[in-house]
file structure-v7.cif (mmCIF, C-alpha atoms and all ligand atoms)
data_run
#
loop_
_atom_site.label_atom_id
_atom_site.label_comp_id
_atom_site.auth_asym_id
_atom_site.auth_seq_id
_atom_site.Cartn_x
_atom_site.Cartn_y
_atom_site.Cartn_z
CA MET A 1173 172.96 13.65 -81.16
CA ILE A 1174 173.42 14.17 -84.89
CA ARG A 1175 170.27 15.71 -86.40
CA ASN A 1176 168.22 13.36 -88.57
CA LYS A 1177 170.62 10.46 -87.97
CA GLU A 1178 168.13 8.04 -89.53
CA PHE A 1179 168.24 9.82 -92.91
CA TRP A 1180 172.03 9.68 -93.04
CA LEU A 1181 172.08 6.02 -92.04
CA ALA A 1182 169.47 5.26 -94.71
CA LEU A 1183 171.58 7.10 -97.26
CA LEU A 1184 174.60 5.05 -96.21
CA GLY A 1185 172.57 1.83 -96.47
CA ALA A 1186 171.32 2.83 -99.93
CA GLY A 1187 174.91 3.61 -100.98
CA ILE A 1188 176.15 0.15 -99.93
CA ILE A 1189 173.21 -1.57 -101.68
CA THR A 1190 173.85 0.52 -104.83
CA ALA A 1191 177.50 -0.58 -104.83
CA ILE A 1192 176.51 -4.26 -104.61
CA TYR A 1193 173.88 -3.72 -107.35
CA ALA A 1194 176.50 -2.08 -109.59
CA LEU A 1195 178.91 -4.97 -109.00
CA VAL A 1196 176.28 -7.60 -109.88
CA THR A 1197 175.27 -5.60 -112.99
CA TYR A 1198 178.92 -5.37 -114.05
CA TRP A 1199 179.51 -9.09 -113.34
CA GLU A 1200 176.42 -10.26 -115.27
CA ARG A 1201 176.75 -7.56 -117.96
CA SER A 1202 173.02 -6.79 -117.59
CA ILE A 1203 170.60 -5.26 -115.10
CA PRO A 1204 169.54 -7.96 -112.59
CA ALA A 1205 166.11 -9.30 -113.62
CA ALA A 1206 163.35 -9.16 -110.97
CA GLY A 1207 162.96 -12.95 -111.13
CA SER A 1208 166.70 -13.73 -110.89
CA LEU A 1209 168.32 -14.87 -107.65
CA PHE A 1210 169.67 -11.39 -106.86
CA GLY A 1211 166.43 -9.71 -108.01
CA HIS A 1212 164.39 -12.00 -105.77
CA LEU A 1213 166.72 -11.27 -102.86
CA LEU A 1214 166.24 -7.51 -103.30
CA GLY A 1215 162.46 -7.93 -103.54
CA ILE A 1216 162.14 -10.22 -100.53
CA LEU A 1217 164.52 -8.31 -98.20
CA GLY A 1218 163.06 -4.96 -99.26
CA PHE A 1219 159.53 -6.22 -98.73
CA LEU A 1220 160.40 -7.59 -95.26
CA LEU A 1221 161.83 -4.20 -94.28
CA MET A 1222 158.64 -2.54 -95.54
CA LEU A 1223 156.53 -4.99 -93.54
CA MET A 1224 158.59 -4.14 -90.43
CA THR A 1225 158.01 -0.45 -91.17
CA GLU A 1226 154.27 -1.00 -91.33
CA LEU A 1227 153.96 -3.13 -88.20
CA LEU A 1228 156.69 -2.55 -85.57
CA TYR A 1229 156.15 1.15 -84.86
CA SER A 1230 152.37 0.66 -84.58
CA PHE A 1231 152.81 -2.31 -82.20
CA ARG A 1232 155.17 -0.36 -79.95
CA LYS A 1233 152.92 2.70 -80.04
CA ARG A 1234 149.82 0.78 -79.03
CA SER A 1235 151.32 -1.75 -76.64
CA GLU A 1236 150.52 -1.10 -72.98
CA SER A 1237 153.23 -3.39 -71.63
CA ALA A 1238 156.13 -2.94 -74.07
CA LYS A 1239 158.47 -0.32 -72.73
CA TRP A 1240 161.67 -1.18 -74.60
CA GLY A 1241 163.16 1.68 -76.58
CA SER A 1242 161.80 5.23 -76.67
CA MET A 1243 159.12 6.11 -79.22
CA ALA A 1244 161.59 8.59 -80.76
CA ALA A 1245 164.05 5.74 -81.40
CA TRP A 1246 161.30 3.55 -82.85
CA LEU A 1247 160.26 6.34 -85.20
CA GLN A 1248 163.89 6.69 -86.33
CA PHE A 1249 163.98 2.96 -87.02
CA HIS A 1250 160.61 3.27 -88.83
CA ILE A 1251 162.06 5.93 -91.12
CA PHE A 1252 165.31 3.99 -91.71
CA THR A 1253 163.49 0.79 -92.76
CA GLY A 1254 160.83 2.89 -94.53
CA LEU A 1255 163.51 4.30 -96.84
CA VAL A 1256 165.92 1.37 -97.30
CA GLY A 1257 163.11 -1.18 -97.90
CA PRO A 1258 161.42 0.76 -100.72
CA TYR A 1259 164.84 1.47 -102.27
CA MET A 1260 165.66 -2.25 -102.42
CA VAL A 1261 162.23 -2.95 -103.89
CA LEU A 1262 162.87 -0.25 -106.51
CA LEU A 1263 166.08 -2.02 -107.58
CA HIS A 1264 164.14 -5.31 -107.59
CA THR A 1265 161.79 -4.01 -110.32
CA SER A 1266 164.58 -4.13 -112.99
CA TRP A 1267 163.09 -0.79 -114.10
CA LYS A 1268 159.94 -2.31 -115.61
CA PHE A 1269 156.62 -1.16 -114.24
CA ASN A 1270 153.87 -3.17 -115.95
CA GLY A 1271 150.42 -3.91 -114.51
CA LEU A 1272 149.85 -4.71 -110.84
CA ALA A 1273 153.58 -4.77 -109.99
CA GLY A 1274 153.94 -1.29 -111.48
CA ALA A 1275 150.96 -0.07 -109.44
CA THR A 1276 152.52 -1.58 -106.30
CA THR A 1277 155.72 0.38 -107.03
CA ALA A 1278 153.71 3.59 -107.50
CA LEU A 1279 152.00 3.06 -104.12
CA THR A 1280 155.41 2.43 -102.53
CA ILE A 1281 156.79 5.71 -103.88
CA LEU A 1282 153.64 7.54 -102.76
CA ILE A 1283 153.87 6.26 -99.19
CA VAL A 1284 157.52 7.33 -98.94
CA ILE A 1285 156.66 10.84 -100.16
CA SER A 1286 153.72 10.89 -97.75
CA GLY A 1287 156.13 9.79 -94.97
CA PHE A 1288 158.30 12.85 -95.56
CA VAL A 1289 155.25 15.12 -95.37
CA GLY A 1290 154.11 13.40 -92.15
CA ARG A 1291 157.56 13.69 -90.65
CA TYR A 1292 157.51 17.42 -91.31
CA ILE A 1293 154.10 17.93 -89.67
CA TYR A 1294 155.02 15.58 -86.79
CA THR A 1295 158.07 17.62 -85.77
CA ARG A 1296 155.89 20.71 -85.42
CA ILE A 1297 153.92 19.18 -82.55
CA PRO A 1298 155.80 19.46 -79.21
CA ARG A 1299 156.25 16.07 -77.46
CA THR A 1300 158.09 14.31 -74.67
CA LEU A 1301 160.94 11.95 -75.66
CA ASP A 1302 158.46 9.11 -75.55
CA GLY A 1303 156.30 10.68 -78.25
CA VAL A 1304 153.47 11.82 -75.95
CA GLU A 1305 152.07 15.12 -77.19
CA LEU A 1306 152.51 18.04 -74.83
CA SER A 1307 149.50 20.25 -74.24
CA SER A 1308 149.70 23.66 -75.85
CA SER A 1309 152.41 25.91 -74.54
CA SER A 1310 151.85 29.51 -73.53
CA GLY A 1311 150.01 32.06 -75.66
CA GLN A 1312 146.79 32.15 -77.64
CA ILE A 1313 148.47 32.26 -81.07
CA GLN A 1314 150.58 29.21 -80.31
CA ALA A 1315 147.51 27.30 -79.14
CA VAL A 1316 145.66 28.13 -82.38
CA SER A 1317 148.54 27.11 -84.62
CA LEU A 1318 149.03 23.90 -82.62
CA ALA A 1319 145.36 23.02 -83.07
CA ARG A 1320 145.75 23.61 -86.81
CA THR A 1321 148.87 21.42 -86.95
CA ARG A 1322 147.07 18.62 -85.07
CA ARG A 1323 144.20 18.82 -87.55
CA LEU A 1324 146.68 18.63 -90.43
CA MET A 1325 148.25 15.57 -88.82
CA SER A 1326 144.89 13.80 -88.59
CA ILE A 1327 144.16 14.56 -92.27
CA TRP A 1328 147.60 13.14 -93.07
CA TYR A 1329 146.73 9.97 -91.12
CA ALA A 1330 143.53 9.58 -93.13
CA ILE A 1331 145.68 9.42 -96.28
CA HIS A 1332 148.78 7.60 -95.05
CA ILE A 1333 147.04 4.62 -93.36
CA PRO A 1334 144.75 3.61 -96.31
CA LEU A 1335 147.72 4.10 -98.65
CA GLY A 1336 149.69 1.59 -96.58
CA LEU A 1337 146.81 -0.89 -96.61
CA ALA A 1338 146.35 -0.58 -100.39
CA LEU A 1339 150.09 -1.02 -100.83
CA PHE A 1340 150.24 -4.26 -98.85
CA ILE A 1341 147.16 -5.74 -100.52
CA ALA A 1342 148.70 -4.98 -103.94
CA ALA A 1343 152.11 -6.31 -102.81
CA PHE A 1344 150.68 -9.62 -101.56
CA LEU A 1345 148.74 -10.07 -104.82
CA HIS A 1346 151.89 -9.31 -106.84
CA ILE A 1347 154.01 -11.72 -104.78
CA GLY A 1348 151.41 -14.48 -105.12
CA ALA A 1349 151.01 -13.94 -108.87
CA ALA A 1350 154.75 -13.50 -109.52
CA LEU A 1351 155.71 -16.62 -107.62
CA TYR A 1352 152.94 -18.68 -109.24
CA TYR A 1353 153.38 -17.57 -112.85
CA ALA A 1354 157.03 -16.52 -113.04
CA SER A 1355 158.73 -18.87 -110.60
CA LEU A 1356 156.72 -22.02 -109.91
CA LEU A 1357 155.44 -22.59 -113.46
CA ARG A 1358 158.85 -22.12 -115.01
C1 LIG A 1401 156.42 -4.01 -102.37
C2 LIG A 1401 157.18 -4.97 -102.85
C3 LIG A 1401 157.37 -5.24 -104.33
C4 LIG A 1401 157.22 -4.42 -105.43
C5 LIG A 1401 156.79 -2.95 -105.44
C6 LIG A 1401 157.54 -5.20 -106.60
C7 LIG A 1401 157.52 -4.73 -107.90
C8 LIG A 1401 157.87 -5.46 -109.03
C9 LIG A 1401 157.94 -4.95 -110.39
C10 LIG A 1401 157.64 -3.51 -110.79
C11 LIG A 1401 158.30 -5.96 -111.20
C12 LIG A 1401 158.52 -5.91 -112.72
C13 LIG A 1401 157.24 -6.20 -113.43
C14 LIG A 1401 157.43 -6.07 -114.93
O1 LIG A 1401 158.08 -6.93 -115.52
O2 LIG A 1401 156.91 -5.10 -115.48
C15 LIG A 1401 158.44 -7.16 -110.38
C16 LIG A 1401 158.75 -8.42 -110.84
C17 LIG A 1401 158.84 -9.55 -110.05
N1 LIG A 1401 158.65 -9.62 -108.68
FE1 LIG A 1401 158.28 -8.04 -107.45
N2 LIG A 1401 157.88 -6.48 -106.21
C18 LIG A 1401 157.80 -6.54 -104.82
C19 LIG A 1401 158.08 -7.63 -104.02
C20 LIG A 1401 158.34 -8.90 -104.49
C21 LIG A 1401 158.61 -10.05 -103.67
C22 LIG A 1401 158.65 -10.05 -102.14
C23 LIG A 1401 158.80 -11.11 -104.52
C24 LIG A 1401 159.10 -12.55 -104.24
C25 LIG A 1401 158.74 -13.24 -103.21
C26 LIG A 1401 158.65 -10.64 -105.87
C27 LIG A 1401 158.77 -11.41 -107.00
C28 LIG A 1401 158.83 -10.93 -108.28
C29 LIG A 1401 159.12 -11.75 -109.46
C30 LIG A 1401 159.36 -13.26 -109.45
C31 LIG A 1401 159.12 -10.89 -110.55
C32 LIG A 1401 159.41 -11.26 -112.01
C33 LIG A 1401 158.16 -11.52 -112.78
C34 LIG A 1401 158.47 -11.89 -114.22
O3 LIG A 1401 159.61 -12.28 -114.49
O4 LIG A 1401 157.56 -11.77 -115.02
N3 LIG A 1401 158.37 -9.28 -105.83
N4 LIG A 1401 158.17 -6.82 -109.07
C1 LIG A 1402 157.32 1.45 -96.57
C2 LIG A 1402 157.18 2.70 -96.18
C3 LIG A 1402 156.31 3.13 -95.03
C4 LIG A 1402 155.21 2.53 -94.49
C5 LIG A 1402 154.55 1.22 -94.92
C6 LIG A 1402 154.75 3.38 -93.40
C7 LIG A 1402 153.65 3.10 -92.60
C8 LIG A 1402 153.26 3.85 -91.51
C9 LIG A 1402 152.16 3.54 -90.63
C10 LIG A 1402 151.25 2.31 -90.74
C11 LIG A 1402 152.09 4.54 -89.70
C12 LIG A 1402 151.06 4.68 -88.58
C13 LIG A 1402 151.69 4.28 -87.27
C14 LIG A 1402 150.66 4.32 -86.18
O1 LIG A 1402 150.26 5.40 -85.77
O2 LIG A 1402 150.24 3.25 -85.77
C15 LIG A 1402 153.14 5.50 -89.98
C16 LIG A 1402 153.39 6.66 -89.26
C17 LIG A 1402 154.38 7.55 -89.55
N1 LIG A 1402 155.34 7.44 -90.53
FE1 LIG A 1402 155.47 5.95 -91.89
N2 LIG A 1402 155.58 4.47 -93.29
C18 LIG A 1402 156.54 4.36 -94.26
C19 LIG A 1402 157.59 5.24 -94.50
C20 LIG A 1402 157.82 6.39 -93.81
C21 LIG A 1402 158.89 7.34 -94.10
C22 LIG A 1402 159.91 7.17 -95.21
C23 LIG A 1402 158.77 8.36 -93.20
C24 LIG A 1402 159.60 9.60 -93.05
C25 LIG A 1402 160.38 10.12 -93.95
C26 LIG A 1402 157.64 8.04 -92.33
C27 LIG A 1402 157.19 8.85 -91.31
C28 LIG A 1402 156.13 8.56 -90.49
C29 LIG A 1402 155.67 9.45 -89.42
C30 LIG A 1402 156.25 10.81 -89.02
C31 LIG A 1402 154.57 8.80 -88.82
C32 LIG A 1402 153.70 9.33 -87.67
C33 LIG A 1402 154.18 8.86 -86.36
C34 LIG A 1402 153.19 9.14 -85.24
O3 LIG A 1402 152.26 9.93 -85.39
O4 LIG A 1402 153.34 8.51 -84.18
N3 LIG A 1402 157.09 6.85 -92.74
N4 LIG A 1402 153.83 5.05 -91.10
#
call {"tool": "encode", "arguments": {"input": "structure-v7.cif", "output": "structure tokens", "more": "lines below"}}
Ligand code: HEM
Ligand code: HEM
result
Amino acid sequence: MIRNKEFWLALLGAGIITAIYALVTYWERSIPAAGSLFGHLLGILGFLLMLMTELLYSFRKRSESAKWGSMAAWLQFHIFTGLVGPYMVLLHTSWKFNGLAGATTALTILIVISGFVGRYIYTRIPRTLDGVELSSSSGQIQAVSLARTRRLMSIWYAIHIPLGLALFIAAFLHIGAALYYASLLR
């Protein structure tokens, strides 16, 4: 299996989206506005991917009955949608970052950075293919460093989860306000 397949696929996805964005910009002779048809499309599709990122992996992880797909594959999908979604949303912004919408973008960027940090810590904990943590392997030193890594992971959780919640609250407020003021009242 190619290492970090999900990152390469996300890069490919971002490349294709960038090409389409460049074509639309060339065609319209201006950067697509956030409230235009194409801008809306980027915002809505990107947001749906982000929502999938937030929900699907957690559902699979906590579900007792769902056995489809390994946890490793779900985490790969989580990372793929967690990169492509925010990238589409970034193009949706039309490079303006005022008020609540700007804050929502900042939270989006923060959660992606935090994702990379989490991914790094996560890979340092030995697991089965299905994501179940293995108990410490041989040796006292290994056991100590594993305990430290686990502690680091739980601190990371305490940052990553509230960040996600704040992000989605801000995003829903932005969507409501943007649709009401910018789209429906036009
Ligand atoms: C996490 C997801 C999203 C982020 C981070 C985001 C961010 C932004 C930003 C930064 C702007 C530019 C604000 C400015 O002019 O300074 C904007 C504009 C806009 N967004 Fe979003 N957006 C998201 C999702 C959505 C979705 C799903 C929709 C539609 C259903 C939407 C609808 C709009 C509209 C209509 C505007 C234009 C407002 C105007 O013309 O004044 N956004 N968004
Ligand atoms: C829109 C962007 C993202 C959102 C909303 C998001 C949200 C979440 C949530 C809610 C969890 C907790 C899952 C659970 O335990 O129930 C999680 C875990 C995780 N995320 Fe993300 N994430 C995003 C992007 C990323 C990215 C880009 C990466 C990697 C580069 C990443 C890597 C991870 C890792 C390694 C875990 C821990 C998995 C585990 O302990 O089982 N995330 N994320």
call {"tool": "closest_residue", "arguments": {"input": "structure-v7.cif", "among": "A:Leu1228, A:Leu1247, A:His1264, A:Lys1233", "to": "A:Leu1214", "atoms": "all atoms listed in the file"}}
result
A:His1264
call {"tool": "residues_around", "arguments": {"input": "structure-v7.cif", "residues": "A:Thr1253", "least_positions_apart": "3", "cutoff": "12 Å", "atoms": "all atoms listed in the file", "output": "PyMOL selection string"}}
result
chain A and resi 1178-1179+1181-1183+1185-1186+1217-1229+1246-1250+1256-1261+1284+1287
call {"tool": "write_last_selection", "arguments": {"input": "structure-v7.cif", "atoms": "C-alpha atoms", "output": "short mmCIF file (atom, residue, chain, number, x, y, z; two decimals), in the frame of the given file"}}
result
data_model
loop_
_atom_site.label_atom_id
_atom_site.label_comp_id
_atom_site.auth_asym_id
_atom_site.auth_seq_id
_atom_site.Cartn_x
_atom_site.Cartn_y
_atom_site.Cartn_z
CA GLU A 1178 168.13 8.04 -89.53
CA PHE A 1179 168.24 9.82 -92.91
CA LEU A 1181 172.08 6.02 -92.04
CA ALA A 1182 169.47 5.26 -94.71
CA LEU A 1183 171.58 7.10 -97.26
CA GLY A 1185 172.57 1.83 -96.47
CA ALA A 1186 171.32 2.83 -99.93
CA LEU A 1217 164.52 -8.31 -98.20
CA GLY A 1218 163.06 -4.96 -99.26
CA PHE A 1219 159.53 -6.22 -98.73
CA LEU A 1220 160.40 -7.59 -95.26
CA LEU A 1221 161.83 -4.20 -94.28
CA MET A 1222 158.64 -2.54 -95.54
CA LEU A 1223 156.53 -4.99 -93.54
CA MET A 1224 158.59 -4.14 -90.43
CA THR A 1225 158.01 -0.45 -91.17
CA GLU A 1226 154.27 -1.00 -91.33
CA LEU A 1227 153.96 -3.13 -88.20
CA LEU A 1228 156.69 -2.55 -85.57
CA TYR A 1229 156.15 1.15 -84.86
CA TRP A 1246 161.30 3.55 -82.85
CA LEU A 1247 160.26 6.34 -85.20
CA GLN A 1248 163.89 6.69 -86.33
CA PHE A 1249 163.98 2.96 -87.02
CA HIS A 1250 160.61 3.27 -88.83
CA VAL A 1256 165.92 1.37 -97.30
CA GLY A 1257 163.11 -1.18 -97.90
CA PRO A 1258 161.42 0.76 -100.72
CA TYR A 1259 164.84 1.47 -102.27
CA MET A 1260 165.66 -2.25 -102.42
CA VAL A 1261 162.23 -2.95 -103.89
CA VAL A 1284 157.52 7.33 -98.94
CA GLY A 1287 156.13 9.79 -94.97
#
call {"tool": "axis_aligned_box", "arguments": {"input": "structure-v7.cif", "around": "ligand LIG 1401 (chain A)", "padding_each_side": "5 Å", "output": "lines of an AutoDock Vina configuration file"}}
result
center_x = 158.0
center_y = -8.1
center_z = -108.8
size_x = 13.2
size_y = 20.3
size_z = 23.4
call {"tool": "closest_residue", "arguments": {"input": "structure-v7.cif", "among": "A:Phe1269, A:Phe1252, A:Phe1344, A:Phe1288", "to": "ligand LIG 1402 (chain A)", "atoms": "only C-alpha atoms and all ligand atoms"}}
result
A:Phe1288
call {"tool": "closest_residue", "arguments": {"input": "structure-v7.cif", "among": "A:His1212, A:Arg1175, A:Arg1232, A:Arg1291", "to": "ligand LIG 1401 (chain A)", "atoms": "only C-alpha atoms and all ligand atoms"}}
result
A:His1212
